[in-house]
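This is my_file-v4.csv. It holds CSV, C-alpha atoms.
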```
chain,number,residue,atom,x,y,z
A,1,MET,CA,232.8,201.4,-45.1
A,2,ARG,CA,232.8,197.7,-45.7
A,3,ILE,CA,235.4,195.8,-47.8
A,4,SER,CA,234.7,192.3,-48.9
A,5,LEU,CA,237.4,190.0,-50.1
A,6,SER,CA,236.8,186.7,-51.9
A,7,LEU,CA,238.9,184.2,-53.7
A,8,GLY,CA,237.6,182.5,-56.7
A,9,GLY,CA,238.3,181.2,-60.1
A,10,ASN,CA,241.7,179.7,-60.8
A,11,ALA,CA,243.2,181.0,-57.6
A,12,ALA,CA,240.8,179.0,-55.4
A,13,ALA,CA,241.3,175.9,-57.6
A,14,SER,CA,245.0,176.2,-57.3
A,15,LEU,CA,244.9,176.4,-53.5
A,16,ARG,CA,242.6,173.3,-53.4
A,17,GLN,CA,245.1,171.4,-55.6
A,18,GLU,CA,248.0,172.6,-53.4
A,19,GLY,CA,246.2,171.4,-50.3
A,20,GLU,CA,245.5,168.0,-51.8
A,21,ALA,CA,249.1,167.7,-53.0
A,22,MET,CA,250.3,168.4,-49.4
A,23,ILE,CA,247.9,165.8,-48.0
A,24,ALA,CA,249.1,163.2,-50.5
A,25,ALA,CA,252.7,164.1,-49.8
A,26,ALA,CA,252.3,163.8,-46.1
A,27,ALA,CA,250.5,160.4,-46.5
A,28,GLY,CA,253.3,159.2,-48.8
A,29,GLY,CA,256.0,160.3,-46.4
A,30,VAL,CA,254.2,158.5,-43.5
A,31,ALA,CA,254.0,155.3,-45.5
A,32,ASP,CA,257.7,155.5,-46.4
A,33,ALA,CA,258.7,156.2,-42.9
A,34,THR,CA,256.6,153.5,-41.4
A,35,ALA,CA,257.9,150.9,-43.9
A,36,SER,CA,261.5,152.1,-43.3
A,37,LEU,CA,261.2,151.8,-39.5
A,38,GLU,CA,259.8,148.3,-39.7
A,39,GLN,CA,262.5,147.1,-42.0
A,40,THR,CA,265.3,148.8,-40.0
A,41,LEU,CA,264.1,147.1,-36.8
A,42,ARG,CA,263.9,143.8,-38.5
A,43,ARG,CA,267.4,144.1,-39.9
A,44,GLN,CA,268.6,145.1,-36.4
A,45,VAL,CA,267.3,141.8,-35.0
A,46,VAL,CA,268.8,139.7,-37.7
A,47,ALA,CA,272.2,141.5,-37.4
A,48,ALA,CA,272.2,140.9,-33.7
A,49,GLY,CA,272.0,137.2,-34.4
A,50,LEU,CA,268.5,136.8,-32.9
A,51,GLY,CA,267.0,135.1,-36.0
A,52,GLN,CA,264.5,135.9,-38.7
A,53,PRO,CA,261.4,134.6,-36.8
A,54,LEU,CA,262.0,137.2,-34.0
A,55,ALA,CA,262.7,139.9,-36.6
A,56,ASN,CA,259.4,139.1,-38.3
A,57,THR,CA,257.5,139.9,-35.0
A,58,TRP,CA,257.9,143.6,-36.0
A,59,ARG,CA,254.7,144.6,-37.8
A,60,SER,CA,253.4,147.9,-39.2
A,61,GLN,CA,250.0,149.4,-40.1
A,62,LEU,CA,249.0,152.5,-42.0
A,63,TYR,CA,245.8,154.4,-41.2
A,64,PRO,CA,243.6,156.0,-43.9
A,65,PRO,CA,244.7,159.7,-44.2
A,66,THR,CA,242.3,162.5,-43.6
A,67,ALA,CA,242.4,166.2,-44.5
A,68,THR,CA,244.3,166.9,-41.2
A,69,LYS,CA,246.2,163.7,-40.3
A,70,ALA,CA,248.3,160.9,-41.8
A,71,ALA,CA,249.5,158.2,-39.4
A,72,GLY,CA,251.2,154.8,-39.2
A,73,SER,CA,252.4,152.6,-36.4
A,74,VAL,CA,255.1,150.0,-35.9
A,75,TRP,CA,255.0,147.3,-33.1
A,76,THR,CA,256.3,143.9,-32.1
A,77,THR,CA,254.3,140.8,-31.2
A,78,ALA,CA,257.1,139.8,-28.9
A,79,PRO,CA,257.5,143.0,-26.7
A,80,LEU,CA,259.1,141.4,-23.7
A,81,ILE,CA,261.8,139.7,-25.7
A,82,ILE,CA,262.5,142.8,-27.8
A,83,GLN,CA,262.6,144.9,-24.7
A,84,GLY,CA,265.0,142.6,-23.0
A,85,PHE,CA,267.6,142.8,-25.9
A,86,ASP,CA,267.0,146.6,-26.2
A,87,GLU,CA,267.5,147.4,-22.6
A,88,GLY,CA,270.0,144.7,-21.5
A,89,PRO,CA,268.3,144.0,-18.1
A,90,THR,CA,269.6,141.8,-15.3
A,91,ILE,CA,267.3,138.8,-14.7
A,92,ILE,CA,267.2,137.1,-11.3
A,93,ALA,CA,265.5,134.0,-10.0
A,94,ARG,CA,261.9,134.4,-8.8
A,95,ASN,CA,259.5,132.7,-6.4
A,96,GLY,CA,262.2,132.0,-3.8
A,97,SER,CA,264.4,130.0,-6.2
A,98,ARG,CA,268.2,130.5,-5.8
A,99,TRP,CA,269.0,129.6,-9.4
A,100,LEU,CA,268.1,130.4,-13.0
A,101,ALA,CA,268.2,127.4,-15.2
A,102,ILE,CA,269.9,128.2,-18.6
A,103,PRO,CA,269.2,125.4,-21.1
A,104,THR,CA,272.0,124.0,-23.1
A,105,ALA,CA,271.8,122.9,-26.7
A,106,ASN,CA,271.0,119.4,-25.4
A,107,VAL,CA,267.6,120.4,-24.0
A,108,PRO,CA,264.8,119.3,-26.4
A,109,PRO,CA,262.0,121.7,-27.4
A,110,ARG,CA,258.8,121.4,-25.6
A,111,SER,CA,257.2,120.2,-28.8
A,112,TRP,CA,259.3,118.4,-31.2
A,113,GLY,CA,260.0,120.2,-34.5
A,114,SER,CA,262.0,123.2,-35.6
A,115,LYS,CA,259.2,125.8,-35.7
A,116,ALA,CA,256.0,126.5,-34.0
A,117,PRO,CA,252.9,127.8,-35.9
A,118,GLY,CA,253.6,131.3,-37.1
A,119,GLY,CA,257.3,130.8,-37.5
A,120,HIS,CA,258.3,131.3,-33.9
A,121,PRO,CA,260.9,129.1,-32.3
A,122,ARG,CA,259.5,126.4,-30.0
A,123,ARG,CA,260.2,126.9,-26.3
A,124,LEU,CA,262.8,124.6,-24.7
A,125,MET,CA,261.8,122.3,-21.9
A,126,THR,CA,262.1,123.3,-18.3
A,127,PRO,CA,264.0,121.1,-15.8
A,128,VAL,CA,260.7,119.6,-14.6
A,129,GLU,CA,259.7,118.8,-18.2
A,130,VAL,CA,263.0,117.3,-19.0
A,131,GLU,CA,262.7,114.9,-16.1
A,132,ALA,CA,259.2,114.0,-17.2
A,133,ALA,CA,260.3,113.4,-20.8
A,134,PHE,CA,263.2,111.1,-19.9
A,135,ASN,CA,261.5,109.6,-16.8
A,136,ARG,CA,264.7,110.3,-14.8
A,137,ASP,CA,265.9,112.8,-12.2
A,138,LEU,CA,268.4,115.5,-13.0
A,139,SER,CA,271.5,115.5,-10.9
A,140,MET,CA,272.9,118.8,-9.6
A,141,VAL,CA,276.7,119.3,-9.6
A,142,GLN,CA,278.2,122.4,-8.1
A,143,PRO,CA,282.0,123.0,-8.2
A,144,PRO,CA,283.4,124.0,-4.8
A,145,GLY,CA,283.6,127.8,-4.3
A,146,ARG,CA,281.8,128.7,-7.5
A,147,SER,CA,278.4,130.5,-7.9
A,148,VAL,CA,277.4,128.2,-10.7
A,149,ALA,CA,276.0,124.7,-10.8
A,150,TYR,CA,275.0,122.2,-13.5
A,151,LEU,CA,272.0,119.9,-14.0
A,152,ILE,CA,273.1,116.6,-15.6
A,153,MET,CA,271.0,113.7,-16.9
A,154,ASP,CA,272.7,110.4,-16.5
A,155,GLN,CA,272.3,107.2,-18.6
A,156,LEU,CA,271.4,108.7,-21.9
A,157,VAL,CA,272.5,107.7,-25.4
A,158,ALA,CA,272.9,109.8,-28.5
A,159,ALA,CA,270.0,109.4,-30.9
A,160,ARG,CA,270.8,107.5,-34.1
A,161,SER,CA,269.7,110.6,-36.1
A,162,GLY,CA,272.5,112.5,-34.4
A,163,ARG,CA,270.0,115.0,-33.0
A,164,GLY,CA,269.4,114.9,-29.3
A,165,PHE,CA,269.5,112.1,-26.7
A,166,GLN,CA,267.3,109.1,-25.6
A,167,GLN,CA,267.1,106.9,-22.6
A,168,ALA,CA,269.7,104.2,-22.4
A,169,THR,CA,267.5,101.1,-22.9
A,170,SER,CA,268.9,97.6,-23.2
A,171,ARG,CA,268.0,97.5,-26.9
A,172,ARG,CA,269.8,100.8,-27.6
A,173,LEU,CA,272.9,99.7,-25.6
A,174,ALA,CA,272.9,96.4,-27.6
A,175,GLN,CA,273.2,98.5,-30.7
A,176,GLY,CA,276.6,99.7,-29.5
A,177,ARG,CA,275.6,103.0,-28.3
A,178,SER,CA,277.2,104.1,-25.0
A,179,ALA,CA,275.4,105.5,-22.1
A,180,GLN,CA,276.7,108.9,-21.0
A,181,PRO,CA,275.9,111.8,-18.7
A,182,VAL,CA,274.5,114.8,-20.6
A,183,LEU,CA,274.7,118.5,-19.5
A,184,MET,CA,271.2,119.9,-19.7
A,185,PHE,CA,271.2,123.1,-17.7
A,186,VAL,CA,273.6,125.6,-16.3
A,187,LEU,CA,272.4,127.2,-13.0
A,188,VAL,CA,273.3,130.8,-12.2
A,189,PRO,CA,271.9,133.2,-9.6
A,190,GLN,CA,271.3,135.9,-12.2
A,191,VAL,CA,272.1,136.8,-15.8
A,192,THR,CA,272.4,140.1,-17.6
A,193,LEU,CA,271.3,140.2,-21.2
A,194,ALA,CA,273.6,142.1,-23.5
A,195,LYS,CA,272.1,145.1,-25.1
A,196,ARG,CA,271.9,144.1,-28.8
A,197,LEU,CA,269.2,146.4,-30.2
A,198,ASP,CA,268.9,150.2,-30.5
A,199,ILE,CA,265.2,151.0,-31.0
A,200,VAL,CA,265.6,154.6,-30.0
A,201,GLY,CA,268.3,155.1,-32.6
A,202,ALA,CA,266.3,153.5,-35.3
A,203,VAL,CA,263.3,155.8,-34.5
A,204,ALA,CA,265.5,158.9,-34.4
A,205,ALA,CA,267.0,158.1,-37.8
A,206,VAL,CA,263.6,157.7,-39.4
A,207,GLU,CA,262.4,161.0,-37.8
A,208,ALA,CA,265.4,162.8,-39.2
A,209,ASP,CA,264.6,161.5,-42.7
A,210,PHE,CA,260.8,162.2,-42.4
A,211,PRO,CA,260.8,165.8,-43.8
A,212,ALA,CA,262.8,164.7,-46.9
A,213,LEU,CA,260.4,161.9,-47.5
A,214,ILE,CA,257.4,164.3,-47.5
A,215,GLU,CA,259.3,166.7,-49.8
A,216,ALA,CA,260.2,163.9,-52.2
A,217,HIS,CA,256.5,163.0,-52.6
A,218,TYR,CA,255.5,166.7,-52.9
A,219,ARG,CA,258.0,167.2,-55.7
A,220,GLU,CA,256.4,164.4,-57.6
A,221,THR,CA,253.1,166.3,-57.8
A,222,ILE,CA,254.5,169.6,-59.1
```
Just give me the structure of the file as structure tokens.
Amino acid sequence: MRISLSLGGNAAASLRQEGEAMIAAAAGGVADATASLEQTLRRQVVAAGLGQPLANTWRSQLYPPTATKAAGSVWTTAPLIIQGFDEGPTIIARNGSRWLAIPTANVPPRSWGSKAPGGHPRRLMTPVEVEAAFNRDLSMVQPPGRSVAYLIMDQLVAARSGRGFQQATSRRLAQGRSAQPVLMFVLVPQVTLAKRLDIVGAVAAVEADFPALIEAHYRETI
């Protein structure tokens, strides 16, 4: 005896519609979760005081959904910086150097201006670049008994704009501006970055909300 079963008519159409609704709901949930994670990570960076340009390095992408998969991804174009503030690592001097040079607010950017193309902050000059820019040597001062030192540039005058410093030329001194030593770098043997981001926590929060996001989209179709 052979028994044949088939599904047709309205029942088959209903199952097809149900399947399409589930696929659409899954795709909608993935889109919401992807956008939510990107915005959460951007807000974390801003709340940590790391600035909007770094926050904007978080990007997202959705992939075309198929009958079996809906996917999205979130990444940063500044992974090393983000990783540093997420993990709080200890950074030590490399290449045989004893010191790490931490720039002060007096160090000019490598290229003048507030922003580089793409909205990223310009990198500050290194000690070698500062010496080349001012055509003067930096002087190292180390207080006795302390594991910290300072790199100072002598004979500079404050710029008339109030931003930065310039060489103390005869003309500038004649304008009444006084030559002064300027602290450029603080030297330390190592530095530990404070953990200021929580990427794992942000991902976990979105994962917890994911089923509800899919359900919300599914309910819109019924």
For this session: Can you pull out every residue within 12 Å of region 138-154 of chain A, counting all atoms listed in the file, but drop anything in the same chain fewer than 6 positions away, and send it as a PyMOL selection string?
Result: chain A and resi 98-104+106-107+126-132+165-168+178-191
Problem set entry | Residues within 6 Å of region 55-66 of chain A, all atoms listed in the file, excluding chain neighbours under 4 positions, as number ranges by chain | A: 42, 45, 70-77
For this session: Within 9 Å of (266.8, 144.8, -24.4) (coordinates as in the file), grab all the protein and nucleic acid residues, counting all atoms listed in the file, and write them out as a VMD selection string.
Result: chain A and resid 80 to 89 193 to 198
Based on the selection just made, write C-alpha atoms of those residues as an mmCIF file, keeping the file's coordinate frame.
```cif
data_model
loop_
_atom_site.group_PDB
_atom_site.id
_atom_site.type_symbol
_atom_site.label_atom_id
_atom_site.label_comp_id
_atom_site.auth_asym_id
_atom_site.auth_seq_id
_atom_site.Cartn_x
_atom_site.Cartn_y
_atom_site.Cartn_z
ATOM 1 C CA LEU A 80 259.100 141.400 -23.700
ATOM 2 C CA ILE A 81 261.800 139.700 -25.700
ATOM 3 C CA ILE A 82 262.500 142.800 -27.800
ATOM 4 C CA GLN A 83 262.600 144.900 -24.700
ATOM 5 C CA GLY A 84 265.000 142.600 -23.000
ATOM 6 C CA PHE A 85 267.600 142.800 -25.900
ATOM 7 C CA ASP A 86 267.000 146.600 -26.200
ATOM 8 C CA GLU A 87 267.500 147.400 -22.600
ATOM 9 C CA GLY A 88 270.000 144.700 -21.500
ATOM 10 C CA PRO A 89 268.300 144.000 -18.100
ATOM 11 C CA LEU A 193 271.300 140.200 -21.200
ATOM 12 C CA ALA A 194 273.600 142.100 -23.500
ATOM 13 C CA LYS A 195 272.100 145.100 -25.100
ATOM 14 C CA ARG A 196 271.900 144.100 -28.800
ATOM 15 C CA LEU A 197 269.200 146.400 -30.200
ATOM 16 C CA ASP A 198 268.900 150.200 -30.500
#
```
For this session: Mind checking which residues fall within 10 Å of Gly164 (chain A), counting only C-alpha atoms, ignoring those fewer than 6 positions away in the same chain, and posting them as a ChimeraX atom specification?
Result: /A:105-108,156-158
Test item: axis-aligned box, all listed atoms of region 22-28 of chain A, 8 Å on each side, centre and edges in Å rounded to one decimal, as AutoDock Vina command-line options:
```
--center_x 250.6 --center_y 163.8 --center_z -48.3 --size_x 21.4 --size_y 25.2 --size_z 20.4
```
For this session: Record the distance separating CA of Ala25 (chain A) and CA of Pro211 (chain A), expressed in Å with one decimal.
Result: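 About the pair CA of Ala25 (chain A) and CA of Pro211 (chain A): they are 10.2 Å apart.
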For this session: Mind giving me the straight-line distance from CA of Pro109 (chain A) to CA of Ala93 (chain A) in Å, one decimal?
Result: 21.6 Å
Exercise. In Å to one decimal, how far is CA of Ala202 (chain A) from CA of Tyr218 (chain A)?
Worked result: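 Atom-to-atom, CA of Tyr218 (chain A) to CA of Ala202 (chain A), that is 24.5 Å.
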Can you patch up region 54-74 of chain A, filling it in to N, CA and C atoms, and show the result as a short mmCIF file (atom, residue, chain, number, x, y, z; two decimals), in the frame of the given file?
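Result written to part12.cif:
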```cif
data_model
loop_
_atom_site.label_atom_id
_atom_site.label_comp_id
_atom_site.auth_asym_id
_atom_site.auth_seq_id
_atom_site.Cartn_x
_atom_site.Cartn_y
_atom_site.Cartn_z
N LEU A 54 262.18 136.07 -34.97
CA LEU A 54 262.00 137.20 -34.00
C LEU A 54 261.93 138.51 -34.79
N ALA A 55 262.74 138.64 -35.84
CA ALA A 55 262.70 139.90 -36.60
C ALA A 55 261.30 140.06 -37.24
N ASN A 56 260.68 138.97 -37.64
CA ASN A 56 259.40 139.10 -38.30
C ASN A 56 258.25 139.43 -37.30
N THR A 57 258.56 139.47 -36.00
CA THR A 57 257.50 139.90 -35.00
C THR A 57 257.29 141.41 -35.13
N TRP A 58 258.19 142.15 -35.80
CA TRP A 58 257.90 143.60 -36.00
C TRP A 58 256.88 143.70 -37.14
N ARG A 59 255.82 144.43 -36.85
CA ARG A 59 254.70 144.60 -37.80
C ARG A 59 254.44 146.12 -37.95
N SER A 60 253.74 146.48 -39.00
CA SER A 60 253.40 147.90 -39.20
C SER A 60 251.97 147.98 -39.77
N GLN A 61 251.38 149.16 -39.62
CA GLN A 61 250.00 149.40 -40.10
C GLN A 61 249.92 150.89 -40.50
N LEU A 62 249.27 151.16 -41.61
CA LEU A 62 249.00 152.50 -42.00
C LEU A 62 247.48 152.78 -41.80
N TYR A 63 247.17 154.01 -41.41
CA TYR A 63 245.80 154.40 -41.20
C TYR A 63 245.33 155.29 -42.35
N PRO A 64 244.07 155.20 -42.74
CA PRO A 64 243.60 156.00 -43.90
C PRO A 64 243.83 157.51 -43.58
N PRO A 65 244.48 158.22 -44.48
CA PRO A 65 244.70 159.70 -44.20
C PRO A 65 243.45 160.47 -44.31
N THR A 66 243.44 161.55 -43.55
CA THR A 66 242.30 162.50 -43.60
C THR A 66 242.85 163.85 -44.04
N ALA A 67 241.98 164.85 -44.03
CA ALA A 67 242.40 166.20 -44.50
C ALA A 67 243.37 166.82 -43.46
N THR A 68 243.46 166.26 -42.25
CA THR A 68 244.30 166.90 -41.20
C THR A 68 245.35 165.91 -40.64
N LYS A 69 245.32 164.63 -41.01
CA LYS A 69 246.20 163.70 -40.30
C LYS A 69 246.57 162.52 -41.25
N ALA A 70 247.83 162.12 -41.19
CA ALA A 70 248.30 160.90 -41.80
C ALA A 70 249.11 160.15 -40.74
N ALA A 71 248.85 158.88 -40.53
CA ALA A 71 249.50 158.20 -39.40
C ALA A 71 249.78 156.73 -39.75
N GLY A 72 250.81 156.20 -39.11
CA GLY A 72 251.20 154.80 -39.20
C GLY A 72 251.73 154.35 -37.87
N SER A 73 251.80 153.07 -37.63
CA SER A 73 252.40 152.60 -36.40
C SER A 73 253.21 151.33 -36.65
N VAL A 74 254.20 151.12 -35.78
CA VAL A 74 255.10 150.00 -35.90
C VAL A 74 255.12 149.34 -34.46
#
```
